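Undergrad: Take a look at data-v4.cif, mmCIF, C-alpha atoms and all ligand atoms:
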```
data_entry
loop_
_atom_site.label_atom_id
_atom_site.label_comp_id
_atom_site.auth_asym_id
_atom_site.auth_seq_id
_atom_site.Cartn_x
_atom_site.Cartn_y
_atom_site.Cartn_z
CA MET A 1 0.00 0.00 0.00
CA ALA A 2 1.30 3.43 -0.93
CA ASP A 3 2.11 5.78 1.98
CA LYS A 4 -0.42 8.62 2.00
CA TYR A 5 0.51 12.30 2.25
CA ASP A 6 -1.25 15.64 1.70
CA VAL A 7 1.51 16.93 -0.57
CA ILE A 8 4.44 15.22 -2.30
CA ILE A 9 7.27 17.48 -3.47
CA ILE A 10 9.60 16.00 -6.07
CA GLY A 11 12.99 17.70 -5.99
CA ALA A 12 14.78 19.42 -3.11
CA GLY A 13 16.49 22.33 -4.80
CA PRO A 14 15.86 25.86 -3.55
CA GLY A 15 12.32 25.95 -5.01
CA GLY A 16 11.30 22.51 -3.76
CA MET A 17 12.64 23.20 -0.27
CA THR A 18 10.78 26.52 -0.12
CA ALA A 19 7.54 24.83 -1.21
CA GLY A 20 8.22 22.22 1.51
CA LEU A 21 8.76 24.95 4.08
CA TYR A 22 5.52 26.78 3.20
CA ALA A 23 3.34 23.68 2.94
CA ALA A 24 4.74 22.05 6.11
CA ARG A 25 4.36 25.34 7.99
CA ALA A 26 0.69 25.28 6.98
CA ASN A 27 0.45 21.98 8.87
CA LEU A 28 0.03 19.72 5.85
CA LYS A 29 1.56 16.23 5.83
CA ILE A 30 4.48 16.61 3.44
CA LEU A 31 6.88 14.24 1.73
CA VAL A 32 9.93 15.68 -0.03
CA LEU A 33 11.69 13.27 -2.41
CA ASP A 34 15.04 13.76 -4.12
CA ARG A 35 17.37 11.36 -5.93
CA GLY A 36 20.50 13.29 -4.94
CA PRO A 37 21.70 15.52 -2.14
CA TYR A 38 19.35 18.38 -1.19
CA GLY A 39 20.26 21.71 -2.74
CA GLY A 40 20.22 20.66 -6.40
CA GLN A 41 22.49 22.75 -8.61
CA MET A 42 23.44 24.97 -5.66
CA ASN A 43 25.77 22.14 -4.63
CA ASN A 44 27.74 22.63 -7.83
CA THR A 45 28.03 26.37 -7.38
CA ASP A 46 30.98 27.87 -5.59
CA ALA A 47 29.98 31.42 -4.76
CA ILE A 48 26.46 32.83 -5.04
CA ASP A 49 26.39 36.61 -5.10
CA ASN A 50 22.86 37.29 -6.33
CA TYR A 51 20.73 35.78 -3.59
CA PRO A 52 19.37 38.56 -1.36
CA GLY A 53 20.55 38.65 2.22
CA PHE A 54 24.04 37.33 1.52
CA SER A 55 26.67 39.46 -0.18
CA GLU A 56 28.25 36.12 -1.09
CA ILE A 57 27.59 32.58 0.10
CA LYS A 58 28.88 29.13 -0.93
CA GLY A 59 26.27 27.01 -2.72
CA PRO A 60 26.46 24.03 -0.31
CA GLU A 61 26.15 26.40 2.68
CA LEU A 62 23.00 27.98 1.26
CA SER A 63 21.63 24.47 0.55
CA GLN A 64 22.19 23.47 4.17
CA LYS A 65 20.54 26.64 5.48
CA MET A 66 17.47 26.09 3.27
CA TYR A 67 17.26 22.44 4.30
CA ASP A 68 17.53 23.27 8.02
CA THR A 69 14.82 25.94 7.68
CA MET A 70 12.46 23.50 5.95
CA MET A 71 13.16 20.64 8.39
CA LYS A 72 12.18 22.83 11.38
CA PHE A 73 8.60 22.17 10.24
CA GLU A 74 9.19 18.40 10.09
CA PRO A 75 8.23 17.25 6.61
CA ASP A 76 9.25 13.68 5.76
CA TYR A 77 12.40 13.77 3.63
CA LYS A 78 13.32 10.64 1.67
CA TYR A 79 15.58 9.45 -1.11
CA GLY A 80 13.54 8.65 -4.20
CA ASN A 81 14.24 8.55 -7.91
CA VAL A 82 10.74 9.20 -9.28
CA GLN A 83 9.84 7.26 -12.43
CA SER A 84 6.20 8.27 -12.89
CA VAL A 85 3.23 10.17 -11.54
CA GLU A 86 -0.13 8.56 -12.27
CA LEU A 87 -3.60 9.97 -11.74
CA ASP A 88 -5.84 7.86 -9.52
CA GLY A 89 -9.12 9.68 -8.92
CA GLU A 90 -8.42 12.68 -6.73
CA ASP A 91 -5.02 11.22 -5.79
CA LYS A 92 -1.72 11.11 -7.59
CA LEU A 93 0.41 7.99 -7.31
CA VAL A 94 4.15 8.67 -7.28
CA LYS A 95 6.36 5.67 -8.12
CA THR A 96 10.13 5.43 -7.70
CA ASP A 97 12.66 3.11 -9.33
CA ASP A 98 13.08 1.25 -6.01
CA GLY A 99 9.43 0.18 -6.24
CA ASP A 100 8.28 2.62 -3.54
CA GLU A 101 4.86 4.18 -4.01
CA TYR A 102 3.45 7.30 -2.42
CA ARG A 103 0.00 8.81 -2.75
CA ALA A 104 -1.27 12.40 -2.33
CA PRO A 105 -3.92 14.70 -3.81
CA ILE A 106 -1.21 17.27 -4.47
CA VAL A 107 2.15 16.87 -6.21
CA ILE A 108 4.65 19.70 -6.62
CA ILE A 109 7.30 19.10 -9.30
CA ALA A 110 10.60 20.87 -8.64
CA THR A 111 13.02 18.64 -10.52
CA GLY A 112 14.96 21.46 -12.19
CA SER A 113 17.18 21.10 -15.22
CA ASP A 114 20.34 19.28 -16.21
CA HIS A 115 23.29 20.26 -18.45
CA LYS A 116 23.05 19.81 -22.21
CA HIS A 117 25.70 17.90 -24.10
CA LEU A 118 27.57 19.35 -27.06
CA ASN A 119 27.32 16.06 -28.96
CA VAL A 120 30.72 16.28 -30.62
CA PRO A 121 33.29 13.48 -31.07
CA GLY A 122 35.40 12.95 -27.97
CA GLU A 123 32.84 14.39 -25.54
CA GLU A 124 31.49 11.09 -24.31
CA GLU A 125 34.80 9.25 -24.69
CA TYR A 126 36.67 11.71 -22.46
CA SER A 127 33.86 12.42 -19.99
CA GLY A 128 35.53 12.16 -16.58
CA LYS A 129 38.95 12.09 -18.32
CA GLY A 130 39.14 15.83 -18.87
CA VAL A 131 35.61 16.60 -20.02
CA SER A 132 33.50 17.96 -17.18
CA TYR A 133 30.18 19.74 -16.60
CA CYS A 134 31.01 20.86 -13.04
CA ALA A 135 33.91 23.19 -12.29
CA VAL A 136 33.27 23.14 -8.56
CA CYS A 137 33.54 19.33 -8.57
CA ASP A 138 36.55 18.98 -10.88
CA ALA A 139 38.60 22.21 -10.91
CA ALA A 140 41.14 20.79 -8.46
CA PHE A 141 42.24 18.23 -11.09
CA PHE A 142 43.40 21.08 -13.33
CA LYS A 143 45.64 23.06 -11.01
CA ASP A 144 48.17 25.01 -13.11
CA GLU A 145 46.80 23.47 -16.33
CA ASP A 146 45.28 25.16 -19.38
CA VAL A 147 41.54 24.53 -19.67
CA ALA A 148 38.75 25.50 -22.05
CA VAL A 149 35.16 26.45 -21.31
CA ILE A 150 32.56 25.99 -24.04
CA GLY A 151 29.57 28.37 -23.99
CA GLY A 152 28.85 32.02 -23.33
CA GLY A 153 26.00 32.03 -20.78
CA ASP A 154 25.98 32.69 -17.03
CA SER A 155 27.16 29.16 -16.21
CA ALA A 156 30.11 29.22 -18.63
CA ILE A 157 31.36 32.58 -17.41
CA GLU A 158 30.70 32.04 -13.71
CA GLU A 159 32.42 28.66 -13.78
CA GLY A 160 35.23 30.03 -15.97
CA ILE A 161 35.93 32.67 -13.31
CA TYR A 162 35.92 29.95 -10.67
CA LEU A 163 38.32 27.78 -12.70
CA SER A 164 40.71 30.70 -13.14
CA GLN A 165 41.52 30.54 -9.42
CA LEU A 166 43.30 27.21 -9.94
CA ALA A 167 44.00 26.74 -13.64
CA LYS A 168 46.94 28.32 -15.48
CA SER A 169 44.58 29.73 -18.11
CA VAL A 170 40.91 29.51 -19.06
CA THR A 171 39.95 29.89 -22.72
CA VAL A 172 36.27 30.51 -23.37
CA ILE A 173 35.23 29.17 -26.76
CA HIS A 174 31.97 30.78 -27.85
CA ARG A 175 29.96 30.37 -31.02
CA ARG A 176 29.11 34.09 -31.34
CA ASP A 177 31.03 37.34 -30.85
CA GLN A 178 29.06 38.36 -27.76
CA LEU A 179 28.46 36.67 -24.44
CA ARG A 180 24.97 35.90 -23.21
CA ALA A 181 26.08 36.10 -19.55
CA GLN A 182 24.96 38.90 -17.21
CA PRO A 183 26.97 42.15 -17.61
CA THR A 184 28.49 41.89 -14.10
CA LEU A 185 29.90 38.46 -14.91
CA GLN A 186 31.17 39.67 -18.28
CA LYS A 187 32.95 42.59 -16.64
CA ARG A 188 34.69 40.28 -14.16
CA ALA A 189 35.67 37.82 -16.89
CA PHE A 190 37.08 40.48 -19.22
CA ALA A 191 39.12 41.94 -16.35
CA ASN A 192 40.50 38.51 -15.43
CA LYS A 193 44.04 38.17 -16.79
CA LYS A 194 43.85 34.37 -16.86
CA MET A 195 40.75 34.36 -19.08
CA HIS A 196 40.95 34.41 -22.87
CA PHE A 197 38.22 34.33 -25.49
CA ILE A 198 37.87 32.69 -28.87
CA TRP A 199 34.88 34.18 -30.66
CA ASN A 200 32.73 32.85 -33.51
CA ALA A 201 34.07 29.39 -32.95
CA GLN A 202 32.14 26.15 -33.39
CA THR A 203 33.60 23.40 -31.27
CA GLU A 204 33.98 20.34 -33.46
CA GLU A 205 35.87 17.78 -31.42
CA ILE A 206 37.39 17.12 -28.02
CA LEU A 207 40.87 15.77 -28.70
CA GLY A 208 42.67 13.20 -26.59
CA ASP A 209 45.41 10.57 -26.45
CA ASP A 210 43.02 7.71 -25.56
CA MET A 211 43.69 8.28 -21.83
CA LYS A 212 42.82 11.93 -21.35
CA VAL A 213 41.92 15.20 -23.05
CA THR A 214 44.71 16.97 -24.90
CA GLY A 215 42.89 19.74 -26.76
CA VAL A 216 39.88 21.17 -28.54
CA LYS A 217 39.33 21.39 -32.29
CA TYR A 218 37.08 24.21 -33.46
CA ARG A 219 36.04 25.86 -36.71
CA ASP A 220 36.51 29.60 -37.10
CA LYS A 221 33.07 30.55 -38.41
CA GLU A 222 34.37 33.66 -40.17
CA THR A 223 37.16 32.04 -42.16
CA GLY A 224 36.02 28.42 -42.11
CA ALA A 225 39.50 27.39 -40.91
CA GLU A 226 39.82 24.49 -38.52
CA LYS A 227 42.03 25.20 -35.51
CA GLU A 228 43.14 23.44 -32.35
CA ILE A 229 44.17 24.59 -28.91
CA PRO A 230 45.97 22.37 -26.41
CA VAL A 231 44.15 22.03 -23.08
CA ALA A 232 44.00 19.43 -20.31
CA GLY A 233 40.37 20.03 -19.43
CA VAL A 234 37.16 21.04 -21.21
CA PHE A 235 34.21 22.35 -19.23
CA ILE A 236 30.97 22.31 -21.21
CA TYR A 237 28.19 24.81 -20.39
CA VAL A 238 25.96 25.01 -23.45
CA GLY A 239 22.59 25.26 -21.75
CA VAL A 240 20.14 23.16 -19.83
CA LEU A 241 17.43 20.57 -20.40
CA PRO A 242 14.30 20.05 -18.29
CA GLN A 243 14.17 17.04 -15.99
CA THR A 244 10.66 16.01 -16.98
CA GLU A 245 10.85 12.47 -18.36
CA PRO A 246 8.68 10.99 -15.53
CA PHE A 247 5.92 13.52 -16.23
CA LYS A 248 5.68 13.25 -20.02
CA ASP A 249 2.37 11.34 -19.97
CA LEU A 250 0.57 13.95 -17.88
CA GLY A 251 0.09 16.34 -20.81
CA ILE A 252 1.68 19.26 -18.93
CA LEU A 253 4.86 19.77 -21.03
CA ASP A 254 5.48 22.21 -23.85
CA ASP A 255 7.15 21.13 -27.13
CA HIS A 256 10.62 21.45 -25.55
CA GLY A 257 9.78 19.48 -22.41
CA TRP A 258 9.38 22.38 -19.96
CA ILE A 259 6.30 22.36 -17.68
CA VAL A 260 3.61 24.95 -18.33
CA THR A 261 1.87 26.47 -15.28
CA ASP A 262 -0.35 29.40 -14.42
CA ASP A 263 0.62 32.22 -12.01
CA HIS A 264 -0.21 29.96 -9.05
CA MET A 265 2.30 27.39 -10.34
CA GLU A 266 -0.57 25.00 -11.11
CA THR A 267 -0.44 22.91 -14.27
CA LYS A 268 -3.52 22.06 -16.28
CA VAL A 269 -3.89 18.90 -14.19
CA PRO A 270 -5.67 19.94 -10.97
CA GLY A 271 -3.46 19.32 -7.95
CA ILE A 272 -0.20 19.11 -9.91
CA PHE A 273 2.05 22.14 -9.47
CA ALA A 274 5.53 22.90 -10.82
CA LEU A 275 8.12 25.51 -9.98
CA GLY A 276 11.70 26.61 -10.48
CA ASP A 277 13.99 25.73 -13.39
CA VAL A 278 11.69 22.98 -14.68
CA ARG A 279 9.01 25.54 -15.63
CA GLN A 280 8.60 27.15 -19.03
CA LYS A 281 10.06 30.64 -18.32
CA ASP A 282 12.85 33.06 -19.21
CA LEU A 283 14.79 33.56 -16.00
CA ARG A 284 16.27 30.64 -14.07
CA GLN A 285 17.66 31.86 -10.76
CA ILE A 286 17.71 30.71 -7.14
CA ALA A 287 15.79 33.85 -6.17
CA ASN A 288 12.83 33.21 -8.46
CA ALA A 289 12.82 29.46 -7.71
CA VAL A 290 12.43 30.40 -4.03
CA GLY A 291 9.66 32.89 -4.88
CA GLU A 292 7.83 30.27 -6.94
CA GLY A 293 8.29 27.76 -4.10
CA SER A 294 6.42 30.05 -1.73
CA VAL A 295 3.62 30.55 -4.28
CA ALA A 296 3.32 26.79 -4.91
CA GLY A 297 3.41 25.96 -1.18
CA GLN A 298 0.58 28.42 -0.49
CA ALA A 299 -1.39 27.34 -3.58
CA ALA A 300 -1.08 23.72 -2.44
CA TYR A 301 -2.52 24.72 0.93
CA ASN A 302 -5.46 26.51 -0.76
CA TYR A 303 -6.07 23.50 -3.02
CA TYR A 304 -6.06 21.19 -0.01
CA GLN A 305 -8.54 23.41 1.88
CA ASP A 306 -10.89 23.45 -1.14
CA LEU A 307 -10.80 19.64 -1.23
CA GLN A 308 -11.67 19.49 2.48
CA ASP A 309 -14.50 22.02 2.02
CA LYS A 310 -15.98 19.91 -0.79
CA LYS A 311 -15.93 16.82 1.45
CA ASN A 312 -17.64 18.59 4.40
P1 LIG B 401 22.26 29.36 -21.29
O1 LIG B 401 21.94 30.65 -20.63
O2 LIG B 401 21.22 28.70 -22.12
O3 LIG B 401 23.58 29.58 -22.15
C1 LIG B 401 24.07 28.56 -22.97
C2 LIG B 401 25.28 29.06 -23.74
O4 LIG B 401 25.79 28.00 -24.52
C3 LIG B 401 24.95 30.21 -24.68
O5 LIG B 401 25.99 31.15 -24.68
C4 LIG B 401 24.83 29.51 -26.03
O6 LIG B 401 25.24 30.32 -27.13
C5 LIG B 401 25.82 28.37 -25.90
N1 LIG B 401 25.43 27.21 -26.68
C6 LIG B 401 24.23 26.58 -26.73
N2 LIG B 401 24.26 25.51 -27.57
C7 LIG B 401 25.52 25.47 -28.05
C8 LIG B 401 26.19 24.61 -28.96
N3 LIG B 401 25.57 23.57 -29.51
N4 LIG B 401 27.48 24.88 -29.26
C9 LIG B 401 28.12 25.91 -28.68
N5 LIG B 401 27.56 26.75 -27.80
C10 LIG B 401 26.26 26.54 -27.50
O7 LIG B 401 22.67 28.23 -20.21
P2 LIG B 401 23.42 28.37 -18.78
O8 LIG B 401 24.54 29.34 -18.86
O9 LIG B 401 23.69 26.97 -18.37
O10 LIG B 401 22.31 28.97 -17.84
C11 LIG B 401 21.05 28.29 -17.66
C12 LIG B 401 20.12 29.17 -16.83
O11 LIG B 401 20.61 29.29 -15.49
C13 LIG B 401 20.03 30.58 -17.40
O12 LIG B 401 18.70 31.04 -17.21
C14 LIG B 401 20.99 31.36 -16.52
O13 LIG B 401 20.68 32.74 -16.43
C15 LIG B 401 20.84 30.65 -15.18
N6 LIG B 401 22.07 30.79 -14.37
C16 LIG B 401 22.18 31.87 -13.56
C17 LIG B 401 23.34 32.07 -12.81
C18 LIG B 401 23.45 33.26 -11.92
O14 LIG B 401 22.51 34.05 -11.83
N7 LIG B 401 24.55 33.48 -11.24
C19 LIG B 401 24.39 31.16 -12.91
C20 LIG B 401 24.24 30.07 -13.77
C21 LIG B 401 23.09 29.90 -14.51
P3 LIG B 401 24.36 31.58 -27.61
O15 LIG B 401 24.63 32.65 -26.62
O16 LIG B 401 24.88 31.84 -28.97
O17 LIG B 401 22.93 31.09 -27.62
#
```
Rewrite the structure from the file as structure tokens, please.
Ligand code: NAP
TA:
Amino acid sequence: MADKYDVIIIGAGPGGMTAGLYAARANLKILVLDRGPYGGQMNNTDAIDNYPGFSEIKGPELSQKMYDTMMKFEPDYKYGNVQSVELDGEDKLVKTDDGDEYRAPIVIIATGSDHKHLNVPGEEEYSGKGVSYCAVCDAAFFKDEDVAVIGGGDSAIEEGIYLSQLAKSVTVIHRRDQLRAQPTLQKRAFANKKMHFIWNAQTEEILGDDMKVTGVKYRDKETGAEKEIPVAGVFIYVGVLPQTEPFKDLGILDDHGWIVTDDHMETKVPGIFALGDVRQKDLRQIANAVGEGSVAGQAAYNYYQDLQDKKN
């Protein structure tokens, strides 16, 4: 028999933990499930300088603070790699890959996004042998080495700045002649003497010697010339993909796999809410994930009260 809750929250990043805090504080019986450590992508972020209240804070420290705040209100917190959410009358049945089943009238999806792959030769082969998607996890392996960062968004530039603390040099290879990253990050990167930029460059291959990465081959889009730079590490930050595979049969995804909600974070399936990076939206930040978590937590409470009113 599936354990019964009032609300099941899938994903314990900043948005999921805030939804957990608000819903548990409203005295609902809450289960928070995550398949990894709480904090989500915050755990892979060194310094966060755009979350109000902290001029700068380490990602894992902010994760711990958010977790401690939520746990004060005593939700159940469990490991669970969710495989599907099925509708069963008023309830939703949440199934994990361990065979666990949980039931609730309300499900809040806060599963976030994951890094995209470049899909070039060498990327898969040298993954973990010089190719990385997490500077905070792997920078230490490249102390005093030359490394490349692929991409021009916030992640590429933020992580490039982080890498420059340890690496000998950081070369950002970007497919256009302008960065997408926030102006403050751009300013810091351009002022950083260890950071170099190759513009209008399409990365074509990650080169290696069978054991480890030795360089990057790219095509100069202006001249068409193929060029190579020698590096020991390649950090790939070319965007994100929604983590929505378990929810694809619910009819709540857009054409690109992001979840569509209204202003109350409710999807078109009554009782299923979504928030944070997994939503269809423009801005993906900790601050707005937290804001959406509070909206979803409160909306879940209102939904629950309406259900009780209908029964009485
Ligand atoms: P992003 O903003 O989508 O940027 C992806 C970058 O990769 C872009 O510069 C893009 O080039 C490039 N790119 C995409 N496909 C490529 C390909 N096939 N080959 C080469 N380059 C490719 O992704 P992100 O930087 O991971 O950020 C994801 C979200 O998290 C964003 O909303 C971001 O603002 C947010 N974020 C915020 C912070 C912060 O506030 N501190 C930190 C990290 C992330 P084009 O520019 O040409 O499209």
Undergrad: Would you mind listing the residues within 7 Å of ligand LIG 401 (chain B), counting only C-alpha atoms and all ligand atoms, as a list in words?
TA: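 The neighbouring residues of ligand LIG 401 (chain B) are, in order, Ile48, Asn50, His115, Leu118, Ile150, Gly151, Gly152, Gly153, Asp154, Ser155, Ala156, Glu158, His174, Arg175, Arg176, Leu179, Arg180, Ala181, Gln202, Thr203, Tyr237, Val238, Gly239, Val240, Asp282, Leu283, Arg284 and Gln285 of chain A.
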Undergrad: Could you name the residues that touch segment 131-146 of chain A at 9 Å or less, counting only C-alpha atoms, but leaving out those on the same chain fewer than 3 positions away, as a PyMOL selection string?
TA: chain A and resi 43-46+115+117+122-128+159-160+162-163+165-171+206+212-213+230-237
Undergrad: Using all atoms listed in the file, find the one residue out of A:Val107, A:Ala225, A:Ile286, A:Val172 that sits nearest to Lys194 of chain A.
TA: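 Going through A:Val107, A:Ala225, A:Ile286, A:Val172 one by one, the smallest distance to Lys194 of chain A is for A:Val172.
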Undergrad: Taking only C-alpha atoms into account, name the residue in A:Lys217, A:Ala289, A:Lys187, A:Ile30 that is nearest to Met42 of chain A.
TA: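 Among A:Lys217, A:Ala289, A:Lys187, A:Ile30, it is A:Ala289 that comes nearest to Met42 of chain A.
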Undergrad: Which polymer residues have any atom within 6 Å of an atom of Leu241 of chain A, counting only C-alpha atoms, with same-chain residues fewer than 6 positions away left out, as a ChimeraX atom specification?
TA: /A:113-114,116
Undergrad: Quote the spacing between atom CA of Ser63 of chain A and atom CA of Gly13 of chain A in Å to one decimal place.
TA: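 Value for the atom CA of Ser63 of chain A-atom CA of Gly13 of chain A distance: 7.7 Å.
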Undergrad: I need the residue nearest Lys268 of chain A from this list: A:Lys29, A:Gln280, A:Lys92, A:Ile252. Use all atoms listed in the file for the distance.
TA: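 Using all atoms listed in the file, the shortest distance to Lys268 of chain A belongs to A:Ile252.
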Undergrad: Show me, as JSON lines, the residues of segment 172-248 of chain A having an atom within 12 Å of segment 81-85 of chain A, each with the closest atom pair and its distance in Å, using only C-alpha atoms.
TA:
```
{"residue": "A:Gln243", "atom": "CA", "partner": "A:Val82", "partner_atom": "CA", "distance": 10.9}
{"residue": "A:Thr244", "atom": "CA", "partner": "A:Ser84", "partner_atom": "CA", "distance": 9.8}
{"residue": "A:Glu245", "atom": "CA", "partner": "A:Gln83", "partner_atom": "CA", "distance": 8.0}
{"residue": "A:Pro246", "atom": "CA", "partner": "A:Ser84", "partner_atom": "CA", "distance": 4.5}
{"residue": "A:Phe247", "atom": "CA", "partner": "A:Ser84", "partner_atom": "CA", "distance": 6.2}
{"residue": "A:Lys248", "atom": "CA", "partner": "A:Ser84", "partner_atom": "CA", "distance": 8.7}
```
Undergrad: Might you pull out every residue within 9 Å of Gly20 of chain A, with all atoms listed in the file counted and same-chain residues fewer than 6 positions away left off, and present them as a PyMOL selection string?
TA: chain A and resi 7-9+12+30-32+70-71+73+75+293-294+297
Undergrad: I need the residue nearest Thr18 of chain A from this list: A:Lys95, A:Lys4, A:Lys193, A:Lys65. Use only C-alpha atoms for the distance.
TA: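 Selected residue with least distance to Thr18 of chain A: A:Lys65.
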Undergrad: Go ahead and compute the interatomic distance for atom CA of Ile10 of chain A and atom CA of Val290 of chain A, in Å to one decimal.
TA: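 Taking atom CA of Ile10 of chain A and atom CA of Val290 of chain A, their separation equals 14.8 Å.
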Undergrad: Between A:Val216, A:Ala148, A:Met1, A:Val120, which one has atoms that come closest to Asp100 of chain A, using only C-alpha atoms?
TA: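 Looking at the shortest contact to Asp100 of chain A, the residue is A:Met1.
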Undergrad: So how many Å separate atom CA of His264 of chain A and atom CA of Phe54 of chain A, to one decimal?
TA: 27.5 Å
Undergrad: Excluding Pro105 of chain A and any residue of its chain fewer than 2 positions from it, enumerate the residues within 9 Å of it, using all atoms listed in the file, and give them as a ChimeraX atom specification.
TA: /A:5-8,89-93,103,107,271-272,304,307
Undergrad: Kindly indicate which residue among A:Thr223, A:Asn192, A:Ala2, A:His256 lies nearest to Glu101 of chain A, using all atoms listed in the file for the distances.
TA: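 Closest to Glu101 of chain A, using all atoms listed in the file: A:Ala2.
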Undergrad: Contacts of Asp263 of chain A at 10 Å or less, counting all atoms listed in the file, minus same-chain residues fewer than 6 places along, as a list of chain:residue names?
TA: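 My reading of the contact set: A:Glu292, A:Val295, A:Ala296, A:Ala299.
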